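Student: Hey, dropping protein33.cif in here, mmCIF, C-alpha atoms:
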```cif
data_input
#
loop_
_atom_site.group_PDB
_atom_site.id
_atom_site.type_symbol
_atom_site.label_atom_id
_atom_site.label_comp_id
_atom_site.auth_asym_id
_atom_site.auth_seq_id
_atom_site.Cartn_x
_atom_site.Cartn_y
_atom_site.Cartn_z
ATOM 1 C CA MET D 11 -3.105 -31.938 7.114
ATOM 2 C CA ASP D 12 -2.558 -32.691 10.800
ATOM 3 C CA GLN D 13 -4.320 -31.189 13.801
ATOM 4 C CA LYS D 14 -2.171 -28.075 13.450
ATOM 5 C CA GLY D 15 -3.165 -27.725 9.829
ATOM 6 C CA GLU D 16 0.194 -28.851 8.402
ATOM 7 C CA THR D 17 0.777 -31.627 5.938
ATOM 8 C CA ASN D 18 3.684 -34.075 6.170
ATOM 9 C CA ALA D 19 3.571 -35.204 2.557
ATOM 10 C CA GLY D 20 7.010 -35.730 1.101
ATOM 11 C CA LYS D 21 8.873 -34.758 4.281
ATOM 12 C CA ASP D 22 11.968 -36.638 5.313
ATOM 13 C CA PRO D 23 10.932 -39.543 7.532
ATOM 14 C CA GLY D 24 13.593 -38.253 9.948
ATOM 15 C CA ASP D 25 10.879 -35.884 11.105
ATOM 16 C CA PHE D 26 8.852 -38.818 12.330
ATOM 17 C CA LEU D 27 8.776 -40.000 15.899
ATOM 18 C CA PRO D 28 9.629 -43.635 16.681
ATOM 19 C CA ARG D 29 6.604 -45.869 16.745
ATOM 20 C CA GLN D 30 5.662 -48.099 19.634
ATOM 21 C CA ALA D 31 5.581 -51.728 18.581
ATOM 22 C CA SER D 32 2.887 -53.775 20.217
ATOM 23 C CA LEU D 33 2.967 -57.469 21.075
ATOM 24 C CA ALA D 34 -0.344 -58.277 19.404
ATOM 25 C CA PRO D 35 -1.674 -56.520 16.315
ATOM 26 C CA ALA D 36 -2.761 -53.101 17.530
ATOM 27 C CA TYR D 37 -5.396 -51.373 15.463
ATOM 28 C CA PHE D 38 -5.956 -47.672 15.131
ATOM 29 C CA SER D 39 -8.054 -45.432 12.922
ATOM 30 C CA ILE D 40 -7.554 -42.075 11.317
ATOM 31 C CA ASN D 41 -10.762 -40.176 10.771
ATOM 32 C CA ASN D 42 -10.420 -36.833 9.074
ATOM 33 C CA ARG D 43 -6.811 -36.686 10.254
ATOM 34 C CA GLU D 44 -7.672 -37.428 13.856
ATOM 35 C CA VAL D 45 -5.921 -40.576 15.099
ATOM 36 C CA VAL D 46 -8.087 -42.820 17.257
ATOM 37 C CA ASP D 47 -6.695 -45.596 19.521
ATOM 38 C CA ALA D 48 -3.032 -44.557 19.287
ATOM 39 C CA GLY D 49 -0.744 -44.935 22.335
ATOM 40 C CA GLY D 50 -0.680 -41.181 22.951
ATOM 41 C CA SER D 51 -0.464 -37.873 21.164
ATOM 42 C CA GLU D 52 3.171 -38.374 20.109
ATOM 43 C CA GLU D 53 2.380 -41.740 18.592
ATOM 44 C CA ALA D 54 -0.702 -40.301 16.914
ATOM 45 C CA GLU D 55 1.406 -37.573 15.361
ATOM 46 C CA ALA D 56 4.019 -40.093 14.231
ATOM 47 C CA LEU D 57 1.382 -42.317 12.613
ATOM 48 C CA LEU D 58 -0.126 -39.413 10.785
ATOM 49 C CA ALA D 59 3.277 -38.283 9.559
ATOM 50 C CA GLU D 60 4.112 -41.786 8.402
ATOM 51 C CA TYR D 61 0.789 -42.113 6.620
ATOM 52 C CA ASP D 62 1.407 -38.839 4.794
ATOM 53 C CA PHE D 63 4.933 -39.845 3.786
ATOM 54 C CA LEU D 64 3.928 -43.294 2.534
ATOM 55 C CA PHE D 65 0.854 -42.175 0.641
ATOM 56 C CA TYR D 66 2.784 -39.321 -0.930
ATOM 57 C CA TYR D 67 5.376 -41.682 -2.440
ATOM 58 C CA THR D 68 3.081 -44.582 -3.155
ATOM 59 C CA GLY D 69 0.609 -42.229 -4.810
ATOM 60 C CA LYS D 70 3.384 -41.017 -7.082
ATOM 61 C CA ILE D 71 4.450 -44.576 -7.881
ATOM 62 C CA GLY D 72 0.896 -45.633 -8.633
ATOM 63 C CA ALA D 73 0.197 -42.620 -10.821
ATOM 64 C CA LEU D 74 3.412 -43.257 -12.716
ATOM 65 C CA LEU D 75 2.340 -46.805 -13.573
ATOM 66 C CA GLY D 76 -1.186 -45.749 -14.414
ATOM 67 C CA PHE D 77 -2.725 -47.355 -11.311
ATOM 68 C CA ARG D 78 -5.622 -45.630 -9.620
ATOM 69 C CA LYS D 79 -5.255 -44.457 -6.021
ATOM 70 C CA THR D 80 -3.356 -46.282 -3.291
ATOM 71 C CA TYR D 81 -5.595 -47.766 -0.706
ATOM 72 C CA THR D 82 -3.534 -50.299 1.218
ATOM 73 C CA VAL D 83 0.119 -50.101 2.205
ATOM 74 C CA PHE D 84 2.000 -52.816 4.102
ATOM 75 C CA LEU D 85 5.394 -51.820 5.414
ATOM 76 C CA ASN D 86 7.597 -54.615 6.737
ATOM 77 C CA GLU D 87 10.482 -53.476 8.863
ATOM 78 C CA GLU D 88 13.082 -55.605 10.687
ATOM 79 C CA GLN D 89 10.823 -56.267 13.674
ATOM 80 C CA THR D 90 7.523 -54.680 12.836
ATOM 81 C CA LEU D 91 4.716 -54.448 10.370
ATOM 82 C CA LEU D 92 2.792 -51.248 9.842
ATOM 83 C CA ALA D 93 -0.183 -51.157 7.522
ATOM 84 C CA PHE D 94 -2.702 -48.552 6.454
ATOM 85 C CA GLN D 95 -5.894 -49.152 4.562
ATOM 86 C CA GLU D 96 -8.018 -46.324 3.249
ATOM 87 C CA LYS D 97 -11.635 -47.414 3.601
ATOM 88 C CA ASN D 98 -13.169 -44.160 2.398
ATOM 89 C CA PRO D 99 -11.680 -40.731 1.726
ATOM 90 C CA GLY D 100 -10.384 -39.469 5.076
ATOM 91 C CA GLU D 101 -11.207 -42.767 6.803
ATOM 92 C CA ILE D 102 -8.158 -44.951 7.356
ATOM 93 C CA ARG D 103 -7.781 -48.185 9.284
ATOM 94 C CA GLY D 104 -4.294 -49.023 10.486
ATOM 95 C CA VAL D 105 -2.494 -51.812 12.284
ATOM 96 C CA GLN D 106 0.902 -52.202 13.951
ATOM 97 C CA CYS D 107 2.472 -55.564 14.773
ATOM 98 C CA SER D 108 5.655 -56.532 16.560
ATOM 99 C CA ARG D 109 6.919 -58.722 13.729
ATOM 100 C CA PRO D 110 7.037 -58.560 9.956
ATOM 101 C CA TYR D 111 4.293 -60.491 8.152
ATOM 102 C CA PRO D 112 4.482 -62.239 4.785
ATOM 103 C CA LEU D 113 1.982 -60.676 2.411
ATOM 104 C CA GLU D 114 -0.475 -63.580 2.383
ATOM 105 C CA GLU D 115 -0.647 -63.435 6.179
ATOM 106 C CA ALA D 116 -0.782 -59.641 6.291
ATOM 107 C CA LEU D 117 -3.863 -59.711 4.073
ATOM 108 C CA SER D 118 -5.832 -61.320 6.878
ATOM 109 C CA LEU D 119 -5.153 -58.401 9.213
ATOM 110 C CA PHE D 120 -7.821 -56.257 7.574
ATOM 111 C CA MET L 12 22.488 -62.181 -13.577
ATOM 112 C CA GLN L 13 22.363 -65.906 -12.980
ATOM 113 C CA PRO L 14 20.424 -67.762 -15.708
ATOM 114 C CA HIS L 15 18.146 -69.488 -13.189
ATOM 115 C CA ILE L 16 16.871 -66.082 -12.031
ATOM 116 C CA LEU L 17 16.060 -65.063 -15.598
ATOM 117 C CA LYS L 18 14.288 -68.347 -16.117
ATOM 118 C CA SER L 19 12.448 -67.996 -12.819
ATOM 119 C CA ALA L 20 11.304 -64.458 -13.734
ATOM 120 C CA GLU L 21 10.055 -65.604 -17.119
ATOM 121 C CA THR L 22 8.274 -68.625 -15.670
ATOM 122 C CA LEU L 23 6.643 -66.449 -13.040
ATOM 123 C CA ILE L 24 5.211 -64.135 -15.659
ATOM 124 C CA GLU L 25 4.010 -66.998 -17.849
ATOM 125 C CA ARG L 26 2.531 -69.166 -15.119
ATOM 126 C CA THR L 27 1.126 -66.753 -12.559
ATOM 127 C CA GLY L 28 -0.047 -64.068 -14.956
ATOM 128 C CA ILE L 29 1.636 -61.304 -12.986
ATOM 129 C CA LEU L 30 2.171 -57.958 -14.694
ATOM 130 C CA GLY L 31 5.908 -57.932 -14.360
ATOM 131 C CA VAL L 32 9.157 -58.089 -12.454
ATOM 132 C CA ILE L 33 11.576 -55.183 -12.151
ATOM 133 C CA ILE L 34 15.010 -55.418 -10.581
ATOM 134 C CA CYS L 35 16.798 -52.186 -9.689
ATOM 135 C CA ARG L 36 20.262 -51.527 -8.430
ATOM 136 C CA GLY L 37 20.034 -48.236 -6.579
ATOM 137 C CA ASP L 38 17.905 -46.023 -8.799
ATOM 138 C CA ILE L 39 18.969 -47.773 -12.004
ATOM 139 C CA VAL L 40 16.717 -50.372 -13.578
ATOM 140 C CA TYR L 41 18.905 -53.434 -13.957
ATOM 141 C CA TYR L 42 16.406 -55.875 -15.424
ATOM 142 C CA TYR L 43 12.743 -55.782 -16.226
ATOM 143 C CA LYS L 44 10.185 -57.964 -17.852
ATOM 144 C CA THR L 45 6.733 -56.475 -17.786
ATOM 145 C CA ASP L 46 3.412 -56.416 -19.528
ATOM 146 C CA PRO L 47 3.718 -54.327 -22.725
ATOM 147 C CA ARG L 48 1.408 -51.686 -21.237
ATOM 148 C CA PHE L 49 4.401 -50.389 -19.256
ATOM 149 C CA HIS L 50 6.987 -48.343 -21.122
ATOM 150 C CA TYR L 51 10.616 -48.027 -20.249
ATOM 151 C CA ASP L 52 10.127 -44.353 -19.234
ATOM 152 C CA GLN L 53 7.640 -45.415 -16.569
ATOM 153 C CA ILE L 54 9.847 -48.236 -15.363
ATOM 154 C CA ARG L 55 12.906 -46.003 -15.159
ATOM 155 C CA ASP L 56 11.039 -43.357 -13.114
ATOM 156 C CA PHE L 57 9.513 -46.108 -10.995
ATOM 157 C CA GLY L 58 13.032 -47.261 -10.054
ATOM 158 C CA GLN L 59 13.931 -43.745 -8.988
ATOM 159 C CA PHE L 60 10.848 -43.318 -6.768
ATOM 160 C CA VAL L 61 11.369 -46.703 -5.147
ATOM 161 C CA HIS L 62 14.966 -45.821 -4.347
ATOM 162 C CA GLN L 63 13.850 -42.464 -2.883
ATOM 163 C CA LEU L 64 11.270 -44.176 -0.709
ATOM 164 C CA PHE L 65 13.688 -46.753 0.728
ATOM 165 C CA SER L 66 16.538 -44.230 1.028
ATOM 166 C CA GLY L 67 14.268 -41.905 2.995
ATOM 167 C CA TYR L 68 13.865 -44.608 5.608
ATOM 168 C CA LEU L 69 17.506 -45.708 5.530
ATOM 169 C CA ASN L 70 18.608 -42.127 6.150
ATOM 170 C CA VAL L 71 16.919 -42.321 9.524
ATOM 171 C CA GLN L 72 18.256 -45.836 10.238
ATOM 172 C CA ARG L 73 14.993 -47.571 9.526
ATOM 173 C CA HIS L 74 15.471 -50.771 7.602
ATOM 174 C CA ILE L 75 12.422 -51.513 5.498
ATOM 175 C CA SER L 76 12.571 -54.976 4.001
ATOM 176 C CA GLU L 77 9.374 -54.929 1.984
ATOM 177 C CA VAL L 78 6.661 -52.525 0.929
ATOM 178 C CA SER L 79 3.450 -53.888 -0.566
ATOM 179 C CA LEU L 80 0.916 -51.590 -2.139
ATOM 180 C CA GLN L 81 -2.624 -52.137 -3.240
ATOM 181 C CA PHE L 82 -4.153 -49.823 -5.798
ATOM 182 C CA LYS L 83 -7.537 -49.983 -7.423
ATOM 183 C CA GLY L 84 -7.099 -52.790 -9.947
ATOM 184 C CA ALA L 85 -3.423 -53.548 -9.378
ATOM 185 C CA CYS L 86 -0.841 -54.062 -6.689
ATOM 186 C CA LEU L 87 2.866 -54.342 -6.252
ATOM 187 C CA SER L 88 5.481 -55.447 -3.797
ATOM 188 C CA VAL L 89 9.033 -54.152 -3.515
ATOM 189 C CA MET L 90 11.628 -56.087 -1.537
ATOM 190 C CA MET L 91 15.016 -54.736 -0.635
ATOM 191 C CA MET L 92 17.392 -57.640 -1.210
ATOM 192 C CA LYS L 93 20.633 -55.923 -0.313
ATOM 193 C CA GLU L 94 21.520 -52.691 1.409
ATOM 194 C CA GLY L 95 24.616 -50.599 0.884
ATOM 195 C CA GLU L 96 25.765 -48.174 -1.758
ATOM 196 C CA ALA L 97 23.982 -50.036 -4.521
ATOM 197 C CA PRO L 98 20.940 -51.621 -2.873
ATOM 198 C CA ILE L 99 19.026 -54.190 -4.864
ATOM 199 C CA TYR L 100 15.249 -53.935 -5.103
ATOM 200 C CA VAL L 101 12.969 -56.568 -6.561
ATOM 201 C CA ALA L 102 9.544 -55.286 -7.551
ATOM 202 C CA THR L 103 6.668 -57.553 -8.525
ATOM 203 C CA LEU L 104 3.507 -56.199 -10.155
ATOM 204 C CA ALA L 105 0.219 -58.060 -10.239
ATOM 205 C CA GLU L 106 -3.467 -57.521 -10.760
ATOM 206 C CA ASN L 107 -4.483 -58.697 -7.296
ATOM 207 C CA LEU L 108 -2.939 -59.383 -3.907
ATOM 208 C CA GLN L 109 -3.463 -63.157 -4.026
ATOM 209 C CA THR L 110 -1.432 -63.447 -7.244
ATOM 210 C CA LEU L 111 1.129 -61.059 -5.840
ATOM 211 C CA ALA L 112 1.488 -63.135 -2.675
ATOM 212 C CA LEU L 113 2.097 -66.279 -4.760
ATOM 213 C CA ALA L 114 4.667 -64.548 -6.924
ATOM 214 C CA THR L 115 6.566 -63.020 -4.022
ATOM 215 C CA GLU L 116 6.886 -66.497 -2.505
ATOM 216 C CA GLU L 117 9.052 -67.270 -5.530
ATOM 217 C CA THR L 118 11.004 -64.001 -5.660
ATOM 218 C CA LYS L 119 11.861 -64.339 -1.966
ATOM 219 C CA ARG L 120 13.873 -67.428 -2.901
ATOM 220 C CA TRP L 121 16.148 -65.326 -5.080
ATOM 221 C CA VAL L 122 19.512 -64.441 -3.614
ATOM 222 C CA ALA L 123 20.840 -60.915 -4.013
ATOM 223 C CA GLU L 124 24.208 -62.035 -5.381
ATOM 224 C CA ASP L 125 22.533 -64.155 -8.070
ATOM 225 C CA LEU L 126 20.595 -61.145 -9.266
ATOM 226 C CA VAL L 127 23.559 -59.050 -10.269
ATOM 227 C CA LYS L 128 26.558 -61.359 -10.541
ATOM 228 C CA LYS L 129 27.422 -63.288 -13.655
ATOM 229 C CA SER L 130 27.378 -67.055 -13.342
ATOM 230 C CA LYS L 131 30.717 -68.880 -13.481
ATOM 231 C CA ARG L 132 29.665 -70.370 -16.786
ATOM 232 C CA THR L 133 28.749 -66.970 -18.214
ATOM 233 C CA ALA L 134 31.966 -65.500 -16.859
ATOM 234 C CA ARG L 135 33.967 -68.287 -18.493
ATOM 235 C CA ILE L 136 32.227 -67.817 -21.819
ATOM 236 C CA THR L 137 32.527 -64.047 -21.518
ATOM 237 C CA SER L 138 36.210 -64.412 -20.823
ATOM 238 C CA LYS L 139 36.679 -66.577 -23.941
ATOM 239 C CA LEU L 140 34.501 -64.321 -26.031
ATOM 240 C CA ARG L 141 35.778 -61.122 -24.496
ATOM 241 C CA PRO L 142 37.010 -59.660 -27.788
ATOM 242 C CA THR L 143 33.646 -60.529 -29.402
ATOM 243 C CA ALA L 144 31.662 -58.939 -26.558
ATOM 244 C CA HIS L 145 33.764 -55.811 -26.839
ATOM 245 C CA LEU L 146 33.381 -55.784 -30.593
ATOM 246 C CA LEU L 147 29.592 -56.087 -30.390
ATOM 247 C CA TRP L 148 29.378 -53.413 -27.715
ATOM 248 C CA GLY L 149 31.589 -51.120 -29.783
ATOM 249 C CA ARG L 150 29.423 -51.668 -32.851
ATOM 250 C CA PHE L 151 26.271 -51.060 -30.828
ATOM 251 C CA LEU L 152 27.627 -47.762 -29.505
ATOM 252 C CA SER L 153 28.855 -46.798 -32.933
ATOM 253 C CA ARG L 154 25.385 -47.391 -34.429
ATOM 254 C CA LEU L 155 23.823 -45.303 -31.705
ATOM 255 C CA ARG L 156 26.377 -42.532 -32.148
ATOM 256 C CA ASP L 157 25.832 -42.487 -35.897
ATOM 257 C CA CYS L 158 22.049 -42.168 -35.475
ATOM 258 C CA LEU L 159 22.493 -39.476 -32.823
ATOM 259 C CA ASP L 160 24.848 -37.473 -35.023
ATOM 260 C CA LYS L 161 22.380 -37.611 -37.888
ATOM 261 C CA SER L 162 19.408 -36.754 -35.663
ATOM 262 C CA LEU L 163 20.788 -33.894 -33.612
ATOM 263 C CA GLY L 164 24.336 -33.113 -34.687
ATOM 264 C CA ALA L 165 27.740 -34.497 -33.746
ATOM 265 C CA GLU L 166 28.352 -32.407 -30.635
ATOM 266 C CA ALA L 167 24.924 -32.898 -29.059
ATOM 267 C CA GLY L 168 25.005 -36.573 -30.039
ATOM 268 C CA GLY L 169 28.229 -37.093 -28.128
ATOM 269 C CA VAL L 170 26.778 -35.399 -25.045
ATOM 270 C CA VAL L 171 23.663 -37.599 -25.120
ATOM 271 C CA LEU L 172 25.713 -40.778 -25.414
ATOM 272 C CA THR L 173 28.026 -39.740 -22.588
ATOM 273 C CA ARG L 174 25.090 -38.894 -20.310
ATOM 274 C CA THR L 175 23.464 -42.225 -21.044
ATOM 275 C CA LEU L 176 26.659 -44.106 -20.215
ATOM 276 C CA GLU L 177 26.889 -42.161 -16.956
ATOM 277 C CA HIS L 178 23.283 -42.983 -16.182
ATOM 278 C CA PHE L 179 24.174 -46.684 -16.387
ATOM 279 C CA HIS L 180 27.459 -46.177 -14.525
ATOM 280 C CA GLY L 181 29.082 -47.612 -17.637
ATOM 281 C CA ASN L 182 31.774 -46.674 -20.083
ATOM 282 C CA SER L 183 32.499 -47.261 -23.729
ATOM 283 C CA SER L 184 35.204 -49.861 -23.101
ATOM 284 C CA GLU L 185 33.224 -52.128 -20.728
ATOM 285 C CA PRO L 186 30.211 -53.798 -22.352
ATOM 286 C CA LEU L 187 26.949 -53.636 -20.440
ATOM 287 C CA ALA L 188 25.029 -56.893 -20.065
ATOM 288 C CA THR L 189 23.082 -57.485 -23.268
ATOM 289 C CA GLU L 190 19.748 -57.565 -21.412
ATOM 290 C CA GLN L 191 20.386 -53.890 -20.609
ATOM 291 C CA TRP L 192 20.910 -52.773 -24.202
ATOM 292 C CA LEU L 193 17.223 -52.223 -24.910
ATOM 293 C CA ALA L 194 16.933 -50.055 -21.809
ATOM 294 C CA PHE L 195 20.089 -48.276 -22.922
ATOM 295 C CA VAL L 196 18.531 -47.317 -26.262
ATOM 296 C CA ALA L 197 15.400 -46.093 -24.478
ATOM 297 C CA GLU L 198 17.528 -43.986 -22.148
ATOM 298 C CA VAL L 199 19.372 -42.468 -25.123
ATOM 299 C CA GLY L 200 15.945 -41.392 -26.386
ATOM 300 C CA ASN L 201 15.086 -39.929 -22.992
ATOM 301 C CA GLN L 202 18.252 -37.881 -22.993
ATOM 302 C CA ILE L 203 17.276 -36.149 -26.246
ATOM 303 C CA PRO L 204 15.447 -32.995 -25.162
ATOM 304 C CA ASN L 205 13.972 -32.081 -28.550
ATOM 305 C CA PRO L 206 10.910 -34.253 -29.345
ATOM 306 C CA ASP L 207 11.421 -33.973 -33.122
ATOM 307 C CA ALA L 208 15.052 -35.011 -32.815
ATOM 308 C CA ARG L 209 13.966 -37.903 -30.586
ATOM 309 C CA VAL L 210 11.520 -39.130 -33.222
ATOM 310 C CA ARG L 211 14.242 -38.827 -35.902
ATOM 311 C CA PHE L 212 16.605 -40.793 -33.698
ATOM 312 C CA TYR L 213 14.153 -43.638 -33.040
ATOM 313 C CA LYS L 214 13.233 -43.857 -36.726
ATOM 314 C CA LEU L 215 16.861 -43.979 -37.806
ATOM 315 C CA TYR L 216 17.853 -46.414 -35.107
ATOM 316 C CA SER L 217 15.008 -48.817 -35.855
ATOM 317 C CA GLU L 218 16.064 -48.871 -39.539
ATOM 318 C CA VAL L 219 19.721 -49.427 -38.690
ATOM 319 C CA ASP L 220 18.847 -52.043 -36.095
ATOM 320 C CA ALA L 221 16.603 -53.940 -38.527
ATOM 321 C CA ALA L 222 19.372 -53.899 -41.137
ATOM 322 C CA GLU L 223 21.874 -55.150 -38.556
ATOM 323 C CA ALA L 224 19.538 -57.983 -37.534
ATOM 324 C CA GLN L 225 19.349 -59.188 -41.134
ATOM 325 C CA ARG L 226 23.121 -59.398 -41.460
#
```
Can the structure in the file be given as structure tokens, please?

Tutor:
Amino acid sequence: MDQKGETNAGKDPGDFLPRQASLAPAYFSINNREVVDAGGSEEAEALLAEYDFLFYYTGKIGALLGFRKTYTVFLNEEQTLLAFQEKNPGEIRGVQCSRPYPLEEALSLF
Amino acid sequence: MQPHILKSAETLIERTGILGVIICRGDIVYYYKTDPRFHYDQIRDFGQFVHQLFSGYLNVQRHISEVSLQFKGACLSVMMMKEGEAPIYVATLAENLQTLALATEETKRWVAEDLVKKSKRTARITSKLRPTAHLLWGRFLSRLRDCLDKSLGAEAGGVVLTRTLEHFHGNSSEPLATEQWLAFVAEVGNQIPNPDARVRFYKLYSEVDAAEAQR
């Protein structure tokens, strides 16, 4: 649930706001659904929405294959990388980069 | 699919110890080779979720090239190799991220066209053996139809077979690639709503198939 008490799970990503790509890896945290170190409230909302969308689908995929709980997601887009890592329940570390990263390189970001 | 891709997939599984490779075209599983712990039902539904995930982003003009996921005790990477009406996804499953990273180095060398197009050599052989391929495909469908009729009745059997062909975007006069036949049989089973009838079908089909193999 976000600050307004609504969840974004399973929503169309069209509802999301565009993310700001940063030149160097930019880290942020989500603690109990409060985004820390985002570029502003719009970006914070977008990150939270994206987290919900990704963990909704990846959770379904994992459950389907019999894997237990998603805790890291790397999303490579044309010119960006976005990654989330769940450290503890409700405690997520995230990073945005201005270029896609191969997996072996992305691993070093956390 | 080009033979070197098949060979590469098999070598990957043997040498790196990954849990499997799944290639989907849209939401249809086109090829898979996985650890026996995964059943076709899971793999089929996996293909559908992956397509939904990527389509969700494409619908808002976001072009995701790769999604890598880490679970407790396993991980996977899905690459979109080709966009369009029938996008191609290559999924690699592994027990840890280091193995996954090694394996995806290899799968990234694959070219989308090689994944779904027949090689010239295969095409030439297929062309020469066209009547044989059609004959085998016809016999395969006929065996399935016979087992379906006996398991759930002629009318319902016909419906199940038709739905399965639609699921594969195929038809009775154009043979599917032989590596898809196993998945085809599994999908026939999935299309049978009654669990008892499904068990009857599998039992009958395995007997008929074993008899056919001995011929």

Student: Which residue gives the smallest distance to Lys70 of chain D among L:Ser79, L:Thr118, L:Thr103, L:Gln59, with all atoms listed in the file counted?

Tutor: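 Result for the nearest residue to Lys70 of chain D: L:Gln59.
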
Student: Set the cut-off to 8 Å and count all atoms listed in the file: what are the residues of chain L that reach chain D? Output as a PDB file with C-alpha atoms, in the coordinates of the input.

Tutor:
```pdb
ATOM      1  CA  PHE L  49       4.401 -50.389 -19.256  1.00  0.00           C
ATOM      2  CA  GLN L  53       7.640 -45.415 -16.569  1.00  0.00           C
ATOM      3  CA  ILE L  54       9.847 -48.236 -15.363  1.00  0.00           C
ATOM      4  CA  ASP L  56      11.039 -43.357 -13.114  1.00  0.00           C
ATOM      5  CA  PHE L  57       9.513 -46.108 -10.995  1.00  0.00           C
ATOM      6  CA  PHE L  60      10.848 -43.318  -6.768  1.00  0.00           C
ATOM      7  CA  VAL L  61      11.369 -46.703  -5.147  1.00  0.00           C
ATOM      8  CA  LEU L  64      11.270 -44.176  -0.709  1.00  0.00           C
ATOM      9  CA  GLY L  67      14.268 -41.905   2.995  1.00  0.00           C
ATOM     10  CA  TYR L  68      13.865 -44.608   5.608  1.00  0.00           C
ATOM     11  CA  ASN L  70      18.608 -42.127   6.150  1.00  0.00           C
ATOM     12  CA  VAL L  71      16.919 -42.321   9.524  1.00  0.00           C
ATOM     13  CA  ARG L  73      14.993 -47.571   9.526  1.00  0.00           C
ATOM     14  CA  HIS L  74      15.471 -50.771   7.602  1.00  0.00           C
ATOM     15  CA  ILE L  75      12.422 -51.513   5.498  1.00  0.00           C
ATOM     16  CA  SER L  76      12.571 -54.976   4.001  1.00  0.00           C
ATOM     17  CA  GLU L  77       9.374 -54.929   1.984  1.00  0.00           C
ATOM     18  CA  VAL L  78       6.661 -52.525   0.929  1.00  0.00           C
ATOM     19  CA  SER L  79       3.450 -53.888  -0.566  1.00  0.00           C
ATOM     20  CA  LEU L  80       0.916 -51.590  -2.139  1.00  0.00           C
ATOM     21  CA  GLN L  81      -2.624 -52.137  -3.240  1.00  0.00           C
ATOM     22  CA  PHE L  82      -4.153 -49.823  -5.798  1.00  0.00           C
ATOM     23  CA  LYS L  83      -7.537 -49.983  -7.423  1.00  0.00           C
ATOM     24  CA  GLY L  84      -7.099 -52.790  -9.947  1.00  0.00           C
ATOM     25  CA  ALA L  85      -3.423 -53.548  -9.378  1.00  0.00           C
ATOM     26  CA  LEU L 108      -2.939 -59.383  -3.907  1.00  0.00           C
ATOM     27  CA  GLN L 109      -3.463 -63.157  -4.026  1.00  0.00           C
ATOM     28  CA  ALA L 112       1.488 -63.135  -2.675  1.00  0.00           C
TER      29      ALA L 112
END
```

Student: What lies within 8 Å of segment 39-45 of chain L using all atoms listed in the file, ignoring chain neighbours under 6 positions off, as a compact mmCIF listing (two decimals) with C-alpha atoms, in the coordinates of the input?

Tutor:
```
# COMPACT_ATOMS: atom_id res chain seq x y z
CA ALA L 20 11.30 -64.46 -13.73
CA GLU L 21 10.06 -65.60 -17.12
CA LEU L 30 2.17 -57.96 -14.69
CA GLY L 31 5.91 -57.93 -14.36
CA VAL L 32 9.16 -58.09 -12.45
CA ILE L 33 11.58 -55.18 -12.15
CA ILE L 54 9.85 -48.24 -15.36
CA ARG L 55 12.91 -46.00 -15.16
CA GLY L 58 13.03 -47.26 -10.05
CA GLN L 59 13.93 -43.74 -8.99
CA HIS L 178 23.28 -42.98 -16.18
CA PHE L 179 24.17 -46.68 -16.39
CA GLU L 190 19.75 -57.56 -21.41
CA GLN L 191 20.39 -53.89 -20.61
```

Student: Would you work out the distance separating atom CA of Gly49 of chain D from atom CA of Ile102 of chain D, expressed in Å to one decimal?

Tutor: 16.7 Å

Student: Could you tell me how far atom CA of Asp160 of chain L sits from atom CA of Leu176 of chain L, in Å to one decimal place?

Tutor: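 Taking atom CA of Leu176 of chain L as the start and atom CA of Asp160 of chain L as the end point, the length is 16.3 Å.
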
Student: Between atom CA of Gln72 of chain L and atom CA of Ser118 of chain D, what is the distance, to one decimal in Å?

Tutor: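 Separation of atom CA of Gln72 of chain L and atom CA of Ser118 of chain D: 28.8 Å.
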
Student: What's the 8 Å shell around Pro35 of chain D, counting all atoms listed in the file, without same-chain residues fewer than 5 positions away, as a ChimeraX atom specification?

Tutor: /D:105-108

Student: Specify as a compact mmCIF listing (two decimals) with C-alpha atoms, keeping the file's coordinate frame each residue included when the PyMOL selection byres ((chain L and resi 166-175) around 12) is applied to this file.

Tutor:
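Writing done, so here's expr_35.txt:
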```txt
# COMPACT_ATOMS: atom_id res chain seq x y z
CA ILE L 39 18.97 -47.77 -12.00
CA PHE L 151 26.27 -51.06 -30.83
CA LEU L 152 27.63 -47.76 -29.50
CA SER L 153 28.86 -46.80 -32.93
CA ARG L 154 25.38 -47.39 -34.43
CA LEU L 155 23.82 -45.30 -31.70
CA ARG L 156 26.38 -42.53 -32.15
CA ASP L 157 25.83 -42.49 -35.90
CA CYS L 158 22.05 -42.17 -35.48
CA LEU L 159 22.49 -39.48 -32.82
CA ASP L 160 24.85 -37.47 -35.02
CA LYS L 161 22.38 -37.61 -37.89
CA SER L 162 19.41 -36.75 -35.66
CA LEU L 163 20.79 -33.89 -33.61
CA GLY L 164 24.34 -33.11 -34.69
CA ALA L 165 27.74 -34.50 -33.75
CA LEU L 176 26.66 -44.11 -20.22
CA GLU L 177 26.89 -42.16 -16.96
CA HIS L 178 23.28 -42.98 -16.18
CA PHE L 179 24.17 -46.68 -16.39
CA HIS L 180 27.46 -46.18 -14.52
CA GLY L 181 29.08 -47.61 -17.64
CA ASN L 182 31.77 -46.67 -20.08
CA SER L 183 32.50 -47.26 -23.73
CA LEU L 187 26.95 -53.64 -20.44
CA TRP L 192 20.91 -52.77 -24.20
CA ALA L 194 16.93 -50.06 -21.81
CA PHE L 195 20.09 -48.28 -22.92
CA VAL L 196 18.53 -47.32 -26.26
CA ALA L 197 15.40 -46.09 -24.48
CA GLU L 198 17.53 -43.99 -22.15
CA VAL L 199 19.37 -42.47 -25.12
CA GLY L 200 15.94 -41.39 -26.39
CA ASN L 201 15.09 -39.93 -22.99
CA GLN L 202 18.25 -37.88 -22.99
CA ILE L 203 17.28 -36.15 -26.25
CA PRO L 204 15.45 -32.99 -25.16
CA ASN L 205 13.97 -32.08 -28.55
CA ALA L 208 15.05 -35.01 -32.82
CA ARG L 209 13.97 -37.90 -30.59
CA PHE L 212 16.60 -40.79 -33.70
```
